[in-house]
$ cat model.cif   # mmCIF, C-alpha atoms
data_data
#
loop_
_atom_site.label_atom_id
_atom_site.label_comp_id
_atom_site.auth_asym_id
_atom_site.auth_seq_id
_atom_site.Cartn_x
_atom_site.Cartn_y
_atom_site.Cartn_z
CA MET T 1 36.19 -113.37 81.40
CA GLY T 2 34.16 -111.51 78.78
CA PHE T 3 33.18 -107.85 78.60
CA GLU T 4 29.62 -108.69 79.71
CA GLN T 5 30.90 -110.13 82.98
CA LEU T 6 33.36 -107.30 83.55
CA MET T 7 31.02 -104.40 82.77
CA PRO T 8 27.48 -105.78 82.95
CA ALA T 9 25.87 -102.33 83.26
CA VAL T 10 27.54 -101.07 80.08
CA ALA T 11 26.87 -104.31 78.22
CA GLY T 12 23.21 -104.24 79.25
CA MET T 13 22.64 -100.57 78.37
CA THR T 14 19.94 -100.02 75.74
CA TRP T 15 19.13 -96.86 73.76
CA GLN T 16 15.98 -96.53 75.83
CA ASP T 17 18.07 -96.42 79.02
CA LEU T 18 20.22 -93.70 77.45
CA VAL T 19 17.11 -91.71 76.54
CA MET T 20 15.92 -91.92 80.15
CA ILE T 21 19.32 -90.89 81.52
CA THR T 22 19.22 -87.91 79.14
CA ILE T 23 15.70 -87.05 80.37
CA GLY T 24 17.04 -87.23 83.93
CA LEU T 25 19.84 -84.82 83.01
CA VAL T 26 17.36 -82.45 81.33
CA LEU T 27 15.15 -82.44 84.45
CA ILE T 28 18.19 -81.68 86.62
CA TYR T 29 19.20 -78.89 84.21
CA LEU T 30 15.69 -77.38 84.26
CA ALA T 31 15.65 -77.57 88.05
CA ILE T 32 19.05 -75.94 88.57
CA ALA T 33 19.48 -73.60 85.61
CA LYS T 34 15.85 -72.56 85.07
CA ASN T 35 14.59 -73.00 88.64
CA TYR T 36 11.57 -75.00 87.37
CA GLU T 37 10.03 -76.69 90.44
CA PRO T 38 13.54 -77.72 91.60
CA THR T 39 12.27 -79.38 94.78
CA LEU T 40 10.59 -82.07 92.73
CA LEU T 41 12.24 -82.06 89.33
CA LEU T 42 15.76 -82.43 90.72
CA PRO T 43 15.04 -85.57 92.79
CA MET T 44 12.99 -86.97 89.91
CA GLY T 45 15.77 -86.27 87.43
CA PHE T 46 18.40 -87.83 89.64
CA GLY T 47 16.12 -90.78 90.34
CA ALA T 48 15.60 -91.26 86.59
CA ILE T 49 19.36 -91.72 86.22
CA LEU T 50 19.47 -93.99 89.25
CA VAL T 51 16.86 -96.44 87.99
CA ASN T 52 17.94 -96.58 84.36
CA ILE T 53 21.47 -97.82 84.82
CA PRO T 54 21.15 -101.53 84.10
CA LEU T 55 21.22 -103.78 87.17
CA SER T 56 20.81 -100.77 89.46
CA SER T 57 20.43 -101.93 93.04
CA ALA T 58 18.17 -98.95 93.70
CA ILE T 59 15.28 -100.84 92.11
CA THR T 60 14.17 -104.45 92.39
CA GLN T 61 16.25 -106.84 90.28
CA ILE T 62 16.09 -110.57 89.69
CA ASP T 63 19.22 -112.29 90.97
CA PRO T 64 20.39 -114.43 88.01
CA ALA T 65 22.03 -116.95 90.34
CA THR T 66 18.98 -117.70 92.46
CA GLY T 67 16.15 -116.33 90.31
CA GLU T 68 14.80 -114.50 93.34
CA ALA T 69 13.84 -110.87 93.42
CA VAL T 70 16.22 -108.62 95.33
CA GLU T 71 14.18 -105.64 96.45
CA GLY T 72 15.51 -102.21 95.65
CA VAL T 73 15.12 -99.37 98.12
CA LEU T 74 13.11 -97.21 95.72
CA ASN T 75 10.55 -99.96 95.22
CA VAL T 76 10.32 -100.34 99.00
CA PHE T 77 9.73 -96.57 99.28
CA PHE T 78 7.13 -96.79 96.52
CA GLN T 79 5.18 -99.54 98.22
CA ALA T 80 5.40 -97.84 101.59
CA GLY T 81 4.88 -94.23 100.58
CA ILE T 82 3.08 -93.94 97.28
CA ALA T 83 1.02 -97.11 96.90
CA THR T 84 -0.32 -96.37 100.39
CA GLU T 85 -0.68 -92.62 99.52
CA ILE T 86 1.23 -91.68 102.68
CA PHE T 87 3.76 -89.35 101.01
CA PRO T 88 1.30 -87.18 99.06
CA LEU T 89 -1.03 -86.97 102.05
CA LEU T 90 1.82 -85.85 104.32
CA ILE T 91 2.58 -83.19 101.71
CA PHE T 92 -1.04 -82.07 102.03
CA ILE T 93 -0.51 -81.44 105.76
CA ALA T 94 2.49 -79.30 104.85
CA ILE T 95 0.57 -77.41 102.14
CA GLY T 96 -2.35 -76.88 104.53
CA ALA T 97 0.04 -75.39 107.05
CA MET T 98 1.32 -73.00 104.37
CA ILE T 99 -2.09 -71.77 103.14
CA ASP T 100 -3.58 -68.59 104.52
CA PHE T 101 -7.32 -68.61 103.82
CA SER T 102 -7.87 -65.00 104.89
CA PRO T 103 -7.77 -63.68 101.26
CA LEU T 104 -10.82 -65.85 100.61
CA PHE T 105 -12.66 -64.26 103.56
CA ARG T 106 -11.91 -60.87 102.02
CA SER T 107 -13.25 -61.82 98.55
CA PRO T 108 -15.28 -65.03 98.97
CA SER T 109 -16.94 -64.76 95.55
CA LEU T 110 -13.55 -65.34 93.90
CA LEU T 111 -13.64 -68.87 95.34
CA LEU T 112 -15.81 -69.83 92.39
CA PHE T 113 -12.87 -69.38 90.04
CA GLY T 114 -11.31 -72.29 91.87
CA ALA T 115 -14.13 -74.34 90.39
CA ALA T 116 -14.16 -72.85 86.88
CA ALA T 117 -10.45 -73.33 86.37
CA GLN T 118 -10.74 -77.08 86.92
CA PHE T 119 -12.46 -77.28 83.53
CA GLY T 120 -9.30 -78.60 81.89
CA ILE T 121 -9.34 -81.71 84.08
CA PHE T 122 -12.63 -82.88 82.67
CA MET T 123 -11.98 -81.78 79.09
CA THR T 124 -8.71 -83.71 79.16
CA MET T 125 -10.40 -86.72 80.66
CA VAL T 126 -12.90 -86.77 77.78
CA LEU T 127 -10.12 -86.28 75.20
CA ALA T 128 -8.04 -89.08 76.76
CA SER T 129 -10.97 -91.45 76.52
CA PHE T 130 -11.40 -90.42 72.86
CA LEU T 131 -7.78 -91.42 72.36
CA GLY T 132 -8.50 -94.89 73.69
CA TYR T 133 -7.52 -94.72 77.36
CA ASP T 134 -9.84 -96.53 79.74
CA LEU T 135 -11.83 -94.60 82.32
CA ARG T 136 -9.32 -94.94 85.16
CA GLU T 137 -6.39 -93.95 82.96
CA ALA T 138 -8.33 -91.03 81.43
CA ALA T 139 -9.19 -89.75 84.92
CA SER T 140 -5.56 -90.02 86.01
CA ILE T 141 -4.38 -88.12 82.93
CA GLY T 142 -7.10 -85.50 83.33
CA ILE T 143 -6.08 -84.77 86.91
CA ILE T 144 -2.81 -83.25 85.59
CA GLY T 145 -5.11 -80.26 85.04
CA ALA T 146 -5.52 -79.91 88.80
CA ALA T 147 -2.09 -78.22 88.62
CA ASP T 148 -1.50 -79.87 91.94
CA GLY T 149 1.26 -82.50 92.13
CA PRO T 150 0.14 -84.41 95.24
CA THR T 151 -3.47 -84.66 94.00
CA SER T 152 -2.22 -85.99 90.66
CA ILE T 153 -0.07 -88.55 92.48
CA VAL T 154 -2.92 -89.72 94.73
CA VAL T 155 -5.34 -90.16 91.82
CA ALA T 156 -2.79 -91.72 89.45
CA SER T 157 -1.39 -94.11 92.07
CA ARG T 158 -4.90 -95.32 92.78
CA PHE T 159 -6.26 -95.57 89.23
CA ALA T 160 -3.26 -95.95 86.91
CA PRO T 161 0.00 -96.70 88.74
CA ASN T 162 1.53 -97.69 85.38
CA LEU T 163 1.19 -94.05 84.24
CA LEU T 164 2.37 -92.45 87.47
CA GLY T 165 5.82 -91.49 86.12
CA PRO T 166 4.73 -89.49 83.05
CA ILE T 167 1.74 -87.99 84.90
CA SER T 168 3.95 -86.71 87.72
CA VAL T 169 6.56 -85.33 85.34
CA ALA T 170 3.85 -83.57 83.31
CA ALA T 171 2.08 -82.20 86.41
CA TYR T 172 5.21 -80.73 87.98
CA SER T 173 6.72 -79.52 84.70
CA TYR T 174 3.61 -77.63 83.64
CA MET T 175 3.21 -76.13 87.11
CA ALA T 176 6.66 -74.68 86.62
CA LEU T 177 5.71 -73.51 83.13
CA VAL T 178 2.61 -71.55 84.20
CA PRO T 179 4.33 -68.21 83.34
CA ILE T 180 4.82 -69.49 79.80
CA ILE T 181 1.51 -71.32 79.30
CA GLN T 182 -1.06 -68.92 80.74
CA PRO T 183 -0.24 -65.47 79.24
CA PRO T 184 -0.73 -66.35 75.54
CA VAL T 185 -4.00 -68.18 76.30
CA ILE T 186 -5.26 -65.19 78.31
CA ARG T 187 -4.25 -62.71 75.58
CA LEU T 188 -6.08 -64.82 73.03
CA LEU T 189 -9.30 -64.81 75.07
CA THR T 190 -9.39 -61.22 76.30
CA SER T 191 -9.39 -57.76 74.79
CA LYS T 192 -7.01 -54.99 75.86
CA LYS T 193 -10.00 -53.20 77.42
CA GLU T 194 -10.82 -56.25 79.54
CA ARG T 195 -7.23 -56.64 80.68
CA LEU T 196 -7.28 -53.04 81.88
CA ILE T 197 -10.25 -53.55 84.22
CA ARG T 198 -9.44 -52.49 87.77
CA MET T 199 -10.94 -54.53 90.57
CA SER T 200 -11.74 -52.05 93.27
CA GLY T 201 -15.31 -53.34 93.49
CA THR T 202 -14.60 -56.88 94.69
CA GLY T 203 -13.57 -57.69 98.22
CA HIS T 204 -12.05 -55.61 100.97
CA ALA T 205 -8.29 -55.70 100.82
CA ASN T 206 -7.82 -54.38 104.35
CA LYS T 207 -10.66 -56.22 106.05
CA LYS T 208 -9.54 -57.91 109.26
CA ILE T 209 -10.58 -61.52 109.69
CA SER T 210 -11.49 -63.06 113.01
CA LYS T 211 -9.08 -65.70 114.30
CA LYS T 212 -12.06 -67.79 115.41
CA ALA T 213 -13.45 -67.86 111.86
CA LEU T 214 -10.07 -68.94 110.48
CA ILE T 215 -9.89 -71.73 113.08
CA ALA T 216 -13.46 -72.86 112.44
CA PHE T 217 -13.06 -72.88 108.64
CA PRO T 218 -10.88 -76.01 108.26
CA ILE T 219 -13.00 -77.91 110.78
CA VAL T 220 -16.32 -77.01 109.16
CA VAL T 221 -15.00 -77.66 105.63
CA THR T 222 -13.77 -81.12 106.70
CA ILE T 223 -17.11 -82.03 108.25
CA VAL T 224 -19.15 -80.74 105.29
CA ALA T 225 -16.86 -82.34 102.67
CA GLY T 226 -16.88 -85.59 104.64
CA ILE T 227 -20.65 -85.69 104.81
CA ILE T 228 -21.08 -84.96 101.10
CA ALA T 229 -18.18 -87.03 99.70
CA PRO T 230 -16.45 -89.27 102.25
CA SER T 231 -13.99 -90.51 99.61
CA SER T 232 -12.55 -87.00 99.34
CA LEU T 233 -11.81 -86.86 103.06
CA ALA T 234 -8.24 -88.09 102.91
CA LEU T 235 -7.32 -85.27 100.52
CA ILE T 236 -9.39 -82.45 102.00
CA GLY T 237 -9.02 -83.64 105.59
CA PHE T 238 -5.21 -83.70 105.55
CA LEU T 239 -5.09 -80.28 103.87
CA MET T 240 -7.45 -78.83 106.46
CA PHE T 241 -5.64 -80.56 109.32
CA GLY T 242 -2.44 -78.81 108.25
CA ASN T 243 -4.32 -75.52 108.10
CA LEU T 244 -5.82 -76.03 111.56
CA ILE T 245 -2.32 -76.58 112.97
CA ARG T 246 -1.38 -73.24 111.40
CA GLU T 247 -4.38 -71.25 112.57
CA CYS T 248 -5.01 -72.67 116.04
CA GLY T 249 -2.27 -70.50 117.53
CA VAL T 250 -1.10 -73.07 120.07
CA LEU T 251 0.93 -75.30 117.74
CA ASN T 252 3.27 -72.79 116.16
CA LYS T 253 6.23 -75.15 116.46
CA LEU T 254 4.31 -77.96 114.74
CA SER T 255 3.06 -75.55 112.10
CA LEU T 256 6.60 -74.43 111.30
CA SER T 257 7.78 -78.06 111.28
CA ALA T 258 5.00 -79.01 108.86
CA GLN T 259 5.82 -76.07 106.59
CA ASN T 260 9.56 -76.69 106.62
CA GLU T 261 10.96 -80.01 107.86
CA LEU T 262 7.97 -82.20 106.97
CA ALA T 263 7.56 -80.58 103.54
CA SER T 264 11.28 -80.89 102.78
CA LEU T 265 11.71 -84.48 103.97
CA VAL T 266 8.63 -85.83 102.22
CA THR T 267 9.39 -83.87 99.04
CA ILE T 268 12.84 -85.47 98.83
CA LEU T 269 11.37 -88.93 99.27
CA LEU T 270 8.40 -88.25 96.99
CA GLY T 271 10.51 -87.02 94.09
CA ILE T 272 13.05 -89.78 94.12
CA THR T 273 10.42 -92.45 94.74
CA ILE T 274 8.32 -91.33 91.77
CA ALA T 275 11.46 -91.81 89.72
CA SER T 276 11.25 -95.53 90.47
CA THR T 277 8.38 -95.60 87.95
CA MET T 278 10.49 -93.83 85.32
CA THR T 279 12.22 -96.93 84.03
CA SER T 280 12.88 -97.01 80.29
CA ASP T 281 10.50 -99.93 79.65
CA ARG T 282 7.62 -97.92 81.14
CA PHE T 283 8.60 -94.42 80.06
CA VAL T 284 10.05 -94.58 76.54
CA ARG T 285 6.71 -95.06 74.83
CA VAL T 286 4.41 -93.07 72.58
CA ASP T 287 2.02 -93.02 75.56
CA THR T 288 4.39 -90.78 77.49
CA LEU T 289 4.49 -88.14 74.75
CA LEU T 290 0.72 -88.34 74.48
CA ILE T 291 0.28 -87.87 78.24
CA ILE T 292 2.63 -84.90 78.24
CA ALA T 293 0.67 -83.35 75.34
CA LEU T 294 -2.61 -84.02 77.15
CA GLY T 295 -1.19 -82.35 80.27
CA LEU T 296 -0.54 -79.19 78.27
CA PHE T 297 -4.09 -79.37 76.89
CA ALA T 298 -5.36 -79.62 80.50
CA PHE T 299 -3.49 -76.50 81.62
CA VAL T 300 -4.64 -74.53 78.56
CA PHE T 301 -8.28 -75.47 79.18
CA ASP T 302 -8.01 -74.70 82.90
CA THR T 303 -7.00 -71.18 81.90
CA PHE T 304 -9.77 -71.10 79.31
CA GLY T 305 -12.38 -72.20 81.88
CA GLY T 306 -11.37 -69.56 84.41
CA VAL T 307 -11.18 -66.67 81.91
CA ILE T 308 -14.45 -67.54 80.16
CA PHE T 309 -16.24 -67.91 83.51
CA ALA T 310 -15.08 -64.40 84.49
CA LYS T 311 -16.32 -63.02 81.17
CA PHE T 312 -19.64 -64.79 81.73
CA LEU T 313 -20.01 -63.26 85.20
CA ASN T 314 -19.23 -59.82 83.76
CA LEU T 315 -22.36 -60.08 81.63
CA PHE T 316 -24.38 -59.70 84.86
CA ARG T 317 -22.19 -57.16 86.68
CA LYS T 318 -22.54 -53.40 86.49
CA GLU T 319 -19.90 -51.15 84.98
CA GLY T 320 -17.32 -50.33 87.64
CA ASN T 321 -17.89 -53.65 89.37
CA LYS T 322 -16.60 -55.93 86.62
CA ILE T 323 -14.02 -58.64 87.13
CA ASN T 324 -10.78 -58.50 85.22
CA PRO T 325 -11.09 -61.80 83.28
CA MET T 326 -7.40 -62.51 83.77
CA ILE T 327 -8.27 -63.22 87.43
CA GLY T 328 -10.20 -66.28 86.25
CA ALA T 329 -6.93 -67.88 85.18
CA CYS T 330 -5.72 -67.77 88.80
CA GLY T 331 -8.29 -70.40 89.75
CA ILE T 332 -5.68 -73.09 89.16
CA SER T 333 -3.78 -74.52 92.09
CA ALA T 334 -0.27 -73.37 91.14
CA PHE T 335 0.17 -71.00 94.10
CA PRO T 336 1.37 -68.27 94.19
CA MET T 337 2.86 -68.49 90.72
CA SER T 338 -0.40 -68.04 88.85
CA ALA T 339 -1.41 -65.01 90.96
CA ARG T 340 2.00 -63.45 90.40
CA VAL T 341 1.83 -64.02 86.64
CA ILE T 342 -1.60 -62.38 86.39
CA HIS T 343 -0.54 -59.45 88.58
CA GLN T 344 2.49 -58.90 86.36
CA MET T 345 0.35 -59.12 83.21
CA GLY T 346 -1.99 -56.52 84.69
CA GLN T 347 0.92 -54.23 85.52
CA LYS T 348 2.28 -54.57 82.02
CA GLU T 349 -1.04 -53.31 80.63
CA ASP T 350 -1.42 -50.59 83.26
CA PRO T 351 1.34 -49.99 85.83
CA TYR T 352 -1.24 -48.58 88.28
CA ASN T 353 -3.52 -51.63 88.19
CA TYR T 354 -2.92 -53.78 91.29
CA LEU T 355 -4.49 -57.18 90.76
CA LEU T 356 -2.41 -59.05 93.32
CA MET T 357 -5.03 -59.27 96.11
CA PRO T 358 -7.92 -60.62 93.99
CA ALA T 359 -5.45 -62.83 92.13
CA ILE T 360 -4.26 -64.33 95.42
CA SER T 361 -7.86 -64.90 96.54
CA ALA T 362 -8.73 -66.74 93.33
CA ASN T 363 -5.48 -68.70 93.53
CA VAL T 364 -6.25 -69.84 97.10
CA GLY T 365 -9.67 -70.85 95.78
CA GLY T 366 -7.82 -72.89 93.16
CA GLN T 367 -5.92 -74.74 95.86
CA ILE T 368 -9.20 -75.82 97.42
CA GLY T 369 -10.75 -76.46 93.99
CA SER T 370 -8.01 -78.81 92.86
CA VAL T 371 -8.32 -80.93 95.99
CA VAL T 372 -12.11 -80.98 95.66
CA ALA T 373 -11.73 -82.01 92.01
CA GLY T 374 -9.41 -84.84 93.07
CA GLY T 375 -11.92 -85.95 95.70
CA ILE T 376 -14.78 -85.86 93.21
CA ILE T 377 -12.84 -87.96 90.71
CA LEU T 378 -11.89 -90.44 93.42
CA THR T 379 -15.59 -90.69 94.29
CA LEU T 380 -17.08 -90.80 90.79
CA VAL T 381 -14.73 -93.02 88.80
CA PRO T 382 -15.16 -96.20 90.89
CA LEU T 383 -18.93 -95.79 90.56
CA PHE T 384 -18.72 -96.01 86.76
CA ALA T 385 -15.57 -98.06 86.12
CA MET K 1 -19.68 -93.14 70.58
CA THR K 2 -18.18 -95.82 72.78
CA SER K 3 -19.48 -96.44 76.27
CA THR K 4 -16.19 -95.21 77.80
CA ILE K 5 -16.53 -91.83 76.10
CA GLU K 6 -20.18 -91.60 77.14
CA THR K 7 -19.18 -92.40 80.71
CA THR K 8 -16.36 -89.83 80.75
CA LEU K 9 -18.75 -87.19 79.37
CA LEU K 10 -21.21 -88.06 82.13
CA ILE K 11 -18.47 -87.92 84.79
CA ALA K 12 -17.26 -84.61 83.34
CA GLY K 13 -20.76 -83.16 83.60
CA ILE K 14 -21.31 -84.40 87.14
CA GLY K 15 -17.75 -83.45 88.12
CA ILE K 16 -17.91 -79.84 86.94
CA THR K 17 -21.33 -79.39 88.53
CA GLY K 18 -20.06 -81.07 91.70
CA ILE K 19 -17.09 -78.72 92.02
CA PHE K 20 -19.33 -75.66 91.62
CA VAL K 21 -21.73 -77.07 94.22
CA PHE K 22 -18.85 -77.71 96.66
CA MET K 23 -17.38 -74.26 96.10
CA ALA K 24 -20.78 -72.62 96.45
CA ILE K 25 -21.18 -74.42 99.79
CA PHE K 26 -17.72 -73.27 100.89
CA TYR K 27 -18.66 -69.73 99.78
CA LEU K 28 -21.75 -69.85 101.98
CA LEU K 29 -19.67 -71.29 104.84
CA ILE K 30 -17.24 -68.38 104.60
CA ILE K 31 -20.08 -65.85 104.55
CA GLY K 32 -21.71 -67.64 107.51
CA LEU K 33 -18.49 -67.88 109.54
CA ASP K 34 -17.72 -64.25 108.85
CA LYS K 35 -21.17 -63.25 110.13
CA LEU K 36 -21.13 -65.60 113.12
CA LEU K 37 -17.56 -64.89 114.16
CA PRO K 38 -16.79 -61.32 113.16
CA PHE K 39 -13.46 -59.69 113.87
CA GLU K 40 -13.38 -57.99 117.23
CA GLU K 41 -10.72 -55.52 118.21
CA VAL K 42 -9.07 -56.68 121.43
CA LYS K 43 -9.31 -53.83 123.89
CA PRO K 44 -6.23 -53.36 126.04
CA GLU K 45 -6.91 -54.07 129.71
CA GLU K 46 -7.03 -50.98 131.85
#
$ encode --input "model.cif" --output "structure tokens"
Amino acid sequence: MGFEQLMPAVAGMTWQDLVMITIGLVLIYLAIAKNYEPTLLLPMGFGAILVNIPLSSAITQIDPATGEAVEGVLNVFFQAGIATEIFPLLIFIAIGAMIDFSPLFRSPSLLLFGAAAQFGIFMTMVLASFLGYDLREAASIGIIGAADGPTSIVVASRFAPNLLGPISVAAYSYMALVPIIQPPVIRLLTSKKERLIRMSGTGHANKKISKKALIAFPIVVTIVAGIIAPSSLALIGFLMFGNLIRECGVLNKLSLSAQNELASLVTILLGITIASTMTSDRFVRVDTLLIIALGLFAFVFDTFGGVIFAKFLNLFRKEGNKINPMIGACGISAFPMSARVIHQMGQKEDPYNYLLMPAISANVGGQIGSVVAGGIILTLVPLFA
Amino acid sequence: MTSTIETTLLIAGIGITGIFVFMAIFYLLIIGLDKLLPFEEVKPEE
């Protein structure tokens, strides 16, 4: 009996498999040692190891004796949970149950930053098409800029399932790297004087919000979004459904389950299932590096869009009522990380400047904005593709 | 310029405008809901 029969996995190992196993180890290291999005990066890292050991029974293999495909559990999960979009949509229920929209009721104008900071999505989409990607692939790469993992997964699984692995890794990695990516971009775009602006003029930090308004909000948003763009309803509707469970006041147990058990269970399955697309033949390609670079570009231009929009608005606002342009950067969906980063930057410039409340409002706006952006892309791309 | 790039530019234009329109609508909804359903202090029953 030869070595190949005795140790088929070792004999069949290629350098590409080793690269992927190393990537898996790096993701696990980043998750554990650096605490970078551990809920997703750890399952994805472990899954990357699982699927790149030759002949792994975790993924579908062809039985050499019969020539028939033996389905692997991760491929079954993929077909059931990602191809059907069930996993990311369940995550949306959980996220909806975690979001408190009351900061938006206190400073509704900051909602607009949730639109401005989606700029990177569309810039990246244009750049990706310049680089030769087709429309569906370019849209899937651009959506990394939503800074919203489940939205990226929904769009990529629908338009470019072949790119789902690198897009998910880029989306979740950059979300974890917001504290590293955003500050230098903001410093480059703003003056010290602008970073010192205090925001006492926007919103009412202590304003009490009616429970009825908070209950009506997810219902009205779902109806309005559904009427304008029905294709966005799965995304927005599930997010708002989760929020209604939270706000209605009679489903506290379900709300807690959605925020904890549902979020945890689906996150475990989502992470490890995405890893089923991280096989060496799909991942060890120049494309992957390009997508990861484009993801960084998307995050940088999201920040750019938000900051420049704030500076633009300041042209029309009176002295004493200006917006600190750093708040614009919070219009991305990475919540509450982006708000925390901006608050800390503000405190570094002036320890008595408290930007947390407006930053949170803009960041909540970003959570809505990213889902709306996903819905718009899901609506527009099929019309032109 | 290839047709794909032209199309992505068109989608980008419509997309950015679309997001601002959506968010402006949500902004008006929030203002409207806040006016229609203002916070009322619950008075303790005597």
$ interface_residues --input "model.cif" --of "chain T" --to "chain K" --cutoff "8 Å" --atoms "only C-alpha atoms" --output "short mmCIF file (atom, residue, chain, number, x, y, z; two decimals) with C-alpha atoms, in the frame of the given file"
data_model
loop_
_atom_site.label_atom_id
_atom_site.label_comp_id
_atom_site.auth_asym_id
_atom_site.auth_seq_id
_atom_site.Cartn_x
_atom_site.Cartn_y
_atom_site.Cartn_z
CA LEU T 104 -10.82 -65.85 100.61
CA PHE T 105 -12.66 -64.26 103.56
CA PRO T 108 -15.28 -65.03 98.97
CA SER T 109 -16.94 -64.76 95.55
CA LEU T 111 -13.64 -68.87 95.34
CA LEU T 112 -15.81 -69.83 92.39
CA GLY T 114 -11.31 -72.29 91.87
CA ALA T 115 -14.13 -74.34 90.39
CA ALA T 116 -14.16 -72.85 86.88
CA GLN T 118 -10.74 -77.08 86.92
CA PHE T 119 -12.46 -77.28 83.53
CA PHE T 122 -12.63 -82.88 82.67
CA MET T 123 -11.98 -81.78 79.09
CA MET T 125 -10.40 -86.72 80.66
CA VAL T 126 -12.90 -86.77 77.78
CA SER T 129 -10.97 -91.45 76.52
CA PHE T 130 -11.40 -90.42 72.86
CA ASP T 134 -9.84 -96.53 79.74
CA LEU T 135 -11.83 -94.60 82.32
CA LYS T 208 -9.54 -57.91 109.26
CA ILE T 209 -10.58 -61.52 109.69
CA SER T 210 -11.49 -63.06 113.01
CA LYS T 211 -9.08 -65.70 114.30
CA LYS T 212 -12.06 -67.79 115.41
CA ALA T 213 -13.45 -67.86 111.86
CA ALA T 216 -13.46 -72.86 112.44
CA PHE T 217 -13.06 -72.88 108.64
CA VAL T 220 -16.32 -77.01 109.16
CA VAL T 221 -15.00 -77.66 105.63
CA ALA T 225 -16.86 -82.34 102.67
CA GLY T 369 -10.75 -76.46 93.99
CA VAL T 372 -12.11 -80.98 95.66
CA ALA T 373 -11.73 -82.01 92.01
CA ILE T 376 -14.78 -85.86 93.21
CA ILE T 377 -12.84 -87.96 90.71
CA LEU T 380 -17.08 -90.80 90.79
CA VAL T 381 -14.73 -93.02 88.80
CA PHE T 384 -18.72 -96.01 86.76
#
$ residues_around --input "model.cif" --residues "T:Ile180" --least-positions-apart "4" --cutoff "12 Å" --atoms "all atoms listed in the file" --output "list in words"
Tyr36, Ser173, Tyr174, Met175, Ala176, Pro184, Val185, Ile186, Leu296, Phe299, Val300, Met337, Ser338, Val341, Ile342 and Met345 of chain T
$ write_last_selection --input "model.cif" --atoms "C-alpha atoms" --output "compact mmCIF listing (two decimals), in the frame of the given file"
# COMPACT_ATOMS: atom_id res chain seq x y z
CA TYR T 36 11.57 -75.00 87.37
CA SER T 173 6.72 -79.52 84.70
CA TYR T 174 3.61 -77.63 83.64
CA MET T 175 3.21 -76.13 87.11
CA ALA T 176 6.66 -74.68 86.62
CA PRO T 184 -0.73 -66.35 75.54
CA VAL T 185 -4.00 -68.18 76.30
CA ILE T 186 -5.26 -65.19 78.31
CA LEU T 296 -0.54 -79.19 78.27
CA PHE T 299 -3.49 -76.50 81.62
CA VAL T 300 -4.64 -74.53 78.56
CA MET T 337 2.86 -68.49 90.72
CA SER T 338 -0.40 -68.04 88.85
CA VAL T 341 1.83 -64.02 86.64
CA ILE T 342 -1.60 -62.38 86.39
CA MET T 345 0.35 -59.12 83.21
$ residues_around --input "model.cif" --residues "stretch 41-44 of chain T" --least-positions-apart "3" --cutoff "7 Å" --atoms "only C-alpha atoms" --output "count of residues only"
12
$ atom_distance --input "model.cif" --atom1 "atom CA of T:Gln347" --atom2 "atom CA of T:Gly295"
28.7 Å
$ atom_distance --input "model.cif" --atom1 "atom CA of T:Ser255" --atom2 "atom CA of T:Phe101"
15.0 Å
$ atom_distance --input "model.cif" --atom1 "atom CA of T:Phe87" --atom2 "atom CA of T:Ser276"
14.3 Å
$ residues_around --input "model.cif" --residues "T:Ala160" --least-positions-apart "5" --cutoff "9 Å" --atoms "only C-alpha atoms" --output "ChimeraX atom specification"
/T:136-141,155
$ write_last_selection --input "model.cif" --atoms "C-alpha atoms" --output "PDB file, in the frame of the given file"
ATOM      1  CA  ARG T 136      -9.320 -94.940  85.160  1.00  0.00           C
ATOM      2  CA  GLU T 137      -6.390 -93.950  82.960  1.00  0.00           C
ATOM      3  CA  ALA T 138      -8.330 -91.030  81.430  1.00  0.00           C
ATOM      4  CA  ALA T 139      -9.190 -89.750  84.920  1.00  0.00           C
ATOM      5  CA  SER T 140      -5.560 -90.020  86.010  1.00  0.00           C
ATOM      6  CA  ILE T 141      -4.380 -88.120  82.930  1.00  0.00           C
ATOM      7  CA  VAL T 155      -5.340 -90.160  91.820  1.00  0.00           C
TER       8      VAL T 155
END
$ residues_around --input "model.cif" --residues "T:Val19" --least-positions-apart "3" --cutoff "12 Å" --atoms "all atoms listed in the file" --output "NGL selection string"
:T and (13-16 or 22-26 or 48-49 or 52-53 or 278-281 or 283-285)
$ resolve_selection --input "model.cif" --expression "the PyMOL selection byres ((chain T and resi 192) around 12)" --output "PyMOL selection string"
chain T and resi 186-191+193-197+324-326+345-346+348-350
$ resolve_selection --input "model.cif" --expression "the PyMOL selection byres ((chain T and resi 339) around 9)" --output "VMD selection string"
chain T and resid 327 329 to 331 334 to 338 340 to 344 355 to 363
$ closest_residue --input "model.cif" --among "T:Ile93, T:Met20, T:Ala234, T:Leu269" --to "T:Asn75" --atoms "only C-alpha atoms"
T:Leu269
$ closest_residue --input "model.cif" --among "T:Phe159, T:Tyr172, T:Phe312, T:Tyr352" --to "T:Ala83" --atoms "all atoms listed in the file"
T:Phe159
